[in-house]
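Below you'll find the structure, written out as structure tokens, and then a few comments.
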Amino acid sequence: MHNLQTEDNEIEDTRVLLPKLWARISPILSDNRGRVGIALACLLLAKSALLLIPFLLKALVDGLDQNPVQVTTSVILFMVAAYGTARFANTMFAELRDTLFGRVTERAMHRIGLDVFKHIHSLDLGYHLNRRTGGLARDIERGTNGISFLMRFFIFNIAPTLFEIAMVATILLINYGAEYSLIVLVSVGLYGAFSFRATRWRTRYIREVNAADSDSNTRAVDSLINYETVKYFNNEEFEAQRYDESLEQWEQARRKNRLSLLALNGGQAIIIALSQTLMLGLAALSVQDGDMTLGDFVLINQFMLQLFIPLSFLGFVYREIKASLASIERLFRVLDHEPAVTDAPEAGLLKMASGGVEFRQVHFGYGDDRQVLSGLDFSIGGGETVALVGASGAGKSTVVKLLFRFYDPTSGSIFLDGQNIREVTQDSLRSAVAIVPQDCVLFNDSLLENIRYGRPSATDEEVEAAVGAAYLGDFVTRLPEGLNTRVGERGLKLSGGERQRVAIARAVLKSAPILVFDEATSSLDSESERAVMQAFRALAGHHTALVIAHRLSTIVDADRILVLENGQLVEQGRHEALLASGGRYTALWQAQQRETEQQV
């Protein structure tokens with residue numbers, strides 16, 4: 001009962017999946033209808049040549065079997081040449097078909113792959129915090145390859161094979177009798193029914209292999225991305241053991257899949273062998289009785305060979321189609337995932353003037369059990385430098401995520417220059433805000449291209465100007481290859497302070513009216529911190545600046561300091577005034593001063 005229910009669910013899934021797939025590939029087929037039409041014409045010519053081959057063989061064999069006087073050498077040579085021409089035409093038209101349609105499948109993979117890539121980037125931060133990069137990459141790869149496979153083989157293998165079966169059955173019925181046609185139809189019916197049922201049974205093993213493959217790939221990618229952490233804790237053997245466990249699951253899944261494939265192939269082979277044996281036995285008796293010529297026997301044998309070669313391949317194609325559908329199903333799960341943050345239907349472009357920021361009664365939590373902000377109210381005037389401080393978990397970094405609209409508040413609103421950020425496009429909103437993050441992760445590319453990432457259209461001269469503004473000039477001149485130096489995976493060839501100044505250079509290049517400095521010196525030594533803060537102060541004077549501060553010594557000259565506690569604003573003012581008030585800020589300041597004295 002459970003198995004039947006699972007099969008029914010799989011049918012329902014397929015019925016939902018195929019219309020989704022058709023909706024994505026039909027525009028591509030329509031855009032390339034000329035190429036598709038020529039490919040189909042080549043298909044018909046290839047099949048026509050294939051159906052002609054048995055008749056040419058019959059004529060040749062019957063000609064050779066007769067009195068040589070009755071059949072001239074030129075006729076024999078003509079039939080041999082015709083047979084060779086038909087063979088060549090069949091192969092050539094099939095190759096032309098594949099070449100012409102290959103462009104269509106490549107465009108489909110290109111377009112769908114790009115759509116998936118864009119869609120993943122449109123998803124909210126919550127999705128990306130939970131995704132498994134290695135497994136996701138494999139799902140995308142297998143899904144796009146599966147779509148390509150379906151497009152090529154459904155159009156050019158399944159449909160033509162069914163057409164060929166119908167033609168062979170009709171030819172045998174007309175020329176040799178119902179029993180020959182019946183053998184073909186019954187054997188094809190048994191073969192199809194067996195393949196269908198057995199392949200549905202095997203689908204769960206295919207899914208297990210895909211899941212195990214994604215899991216092992218995720219393990220490997222996660223471990224390599226966190227290479228330094230593995231080394232710090234000398235956990236190479238632990239990582240190898242975890243990867244070995246994943247590979248063991250993959251191996252077991254592959255073994256089950258292979259054994260189920262053996263059962264499927266064995267059953268198909270029995271059906272093919274019995275039907276061919278029965279057909280040839282019947283034809284041989286007819287030749288012996290004088291009801292058929294030797295050429296007829298060869299024709300029937302050739303038709304059976306030609307029929308069961310693609311039919312055997314049809315079993316493989318059907319299995320691969322089921323595997324492809326399982327892979328496409330995982331890909332479409334990604335595409336069906338709706339972003340939690342979307343542009344409003346009538347969203348306009350953000351128009352910035354002074355660069356003011358306002359949080360108005362903002363509530364937000366990461367789920368019902370983790371409330372972070374509770375009615376947060378504050379405003380920042382255009383051109384003002386405001387610091388946000390508080391204990392860990394007070395909600396400082398959450399403010400940044402909400403400002404960038406990685407999440408939307410549970411209630412309340414955020415305004416930039418009086419415009420609700422829910423009512424403007426995310427693209428225009430994020431164009432107006434530049435950030436120097438706490439952990440600046442760089443691409444494994446040159447220093448030049450990593451800085452240019454702040455504005456990809458920037459010229460080399462503009463990048464060099466940003467380097468100067470970020471006080472990176474001396475560092476760059478010391479590098480043998482200067483700005484062309486590659487920074488390594490995630491920028492690990494640079495120190496923390498150097499990465500932070502690259503982040504500042506990116507922010508300079510972006511030239512956004514609002515600048516966020518998110519605890520960018522919390523993990524730096526004093527000398528690096530001074531260099532980074534020098535670059536930041538020079539930059540902040542031309543922007544509205546929001547500084548998320550861990551070290552309070554870095555924000556003593558801020559225009560205003562906002563103190564958060566339990567997601568609420570409890571104090572605000574300048575450094576001296578807040579110290580004089582003896583409140584929460586004073587307690588934080590004194591605690592840090594004691595830590596500094598103890599370290600000295």
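Residues in the structure tokens are named by chain (A, B, ... in the order shown) and by number from 1 within that chain; ligands are numbered from 1 in the order shown.
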Which of segment 226-454 of chain A DSSP labels helix (DSSP H, G or I), written as a ChimeraX atom specification: /A:227-232,236-288,294-336,396-403,421-423,426-431,447-452
Contact residues around Glu320 of chain A with only C-alpha atoms at 12 Å, ignoring same-chain residues under 3 positions, as a list in words: Arg142, Asn145, Gly146, Ile147, Ser148, Phe149, Leu150, Arg152, Phe153, Phe154, Ser195, Phe196, Thr199, Arg200, Arg202, Thr203, Ile206, Leu261, Phe313, Leu314, Gly315, Phe316, Val317, Ala323, Ser324, Leu325, Ala326, Ser327 and Ile328 of chain A
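Considering only C-alpha atoms, the residue among A:Arg584, A:Arg24, A:Arg560, A:Arg501 positioned nearest to Gln438 of chain A is A:Arg501.
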A:Ala538, A:Met79, A:Ala344, A:Ile309 ranked by distance to Phe55 of chain A, top pick (using only C-alpha atoms): A:Met79
Excluding Lys20 of chain A and residues on its chain fewer than 4 positions from it, collect all residues at most 12 Å away from it, counting only C-alpha atoms, and give them as a PDB file with C-alpha atoms, in the first residue's frame.
ATOM      1  CA  ASP A  13       4.671  15.142  -9.271  1.00  0.00           C
ATOM      2  CA  THR A  14       5.423  14.327 -12.909  1.00  0.00           C
ATOM      3  CA  ARG A  15       2.096  15.747 -14.042  1.00  0.00           C
ATOM      4  CA  VAL A  16       2.934  18.979 -12.259  1.00  0.00           C
ATOM      5  CA  ARG A  24      10.165  27.090 -19.774  1.00  0.00           C
ATOM      6  CA  ILE A  25      11.298  25.366 -22.983  1.00  0.00           C
ATOM      7  CA  SER A  26       8.396  26.258 -25.318  1.00  0.00           C
ATOM      8  CA  ILE A 147      16.440  19.418 -19.317  1.00  0.00           C
ATOM      9  CA  LEU A 325      12.869  14.339 -13.972  1.00  0.00           C
ATOM     10  CA  ILE A 328      14.731  18.674 -12.668  1.00  0.00           C
ATOM     11  CA  GLU A 329      12.381  18.306  -9.713  1.00  0.00           C
ATOM     12  CA  LEU A 331      16.054  22.308  -9.696  1.00  0.00           C
ATOM     13  CA  PHE A 332      12.444  23.472  -9.851  1.00  0.00           C
ATOM     14  CA  ARG A 333      12.225  23.359  -6.063  1.00  0.00           C
ATOM     15  CA  LEU A 335      12.985  28.024  -8.804  1.00  0.00           C
ATOM     16  CA  ASP A 336       9.707  27.630  -6.902  1.00  0.00           C
TER      17      ASP A 336
END
10 Å contact set for segment 164-181 of chain A, only C-alpha atoms, chain neighbours under 3 positions out, as an MDAnalysis selection string: chainID A and resid 47:48 50:51 158:161 184:186 188 278:280 282:283 286 291:292 296 299:300 303:304 306:308 310:311
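Closest approach to Ala240 of chain A among A:Leu57, A:Asp559, A:Ala220, A:Gln252 is made by A:Ala220 (distances from only C-alpha atoms).
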Nearby residues (only C-alpha atoms) at most 10 Å from Glu519 of chain A, same-chain spacing under 6 positions excluded, as a PyMOL selection string: chain A and resi 388-389+396-397+436-439+547-551+554
Picked from segment 224-444 of chain A by DSSP as strand (DSSP E or B), as number ranges by chain: A: 348, 357-365, 371-380, 385-390, 411-416, 419-420, 424, 433-436, 442
Counting only C-alpha atoms, the residue of A:Leu562, A:Val230, A:Val424, A:Leu442 that sits nearest Arg405 of chain A: A:Val424
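Restricting the calculation to only C-alpha atoms, the smallest distance between Ala23 of chain A and any of A:Leu52, A:Ile112, A:Ala580, A:Ala470 is found for A:Ile112.
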Selection: 9 Å around Glu489 of chain A, only C-alpha atoms, excl. self and same-chain fewer than 3 positions, as a PyMOL selection string: chain A and resi 225+441-445+492-493
d(atom CA of Gly390 of chain A, atom CA of Tyr585 of chain A) in Å: 7.9 Å
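Shortest separation to Ala434 of chain A among A:Pro513, A:Gly126, A:Gly468, A:Gly488 occurs at residue A:Pro513, atoms counted being only C-alpha atoms.
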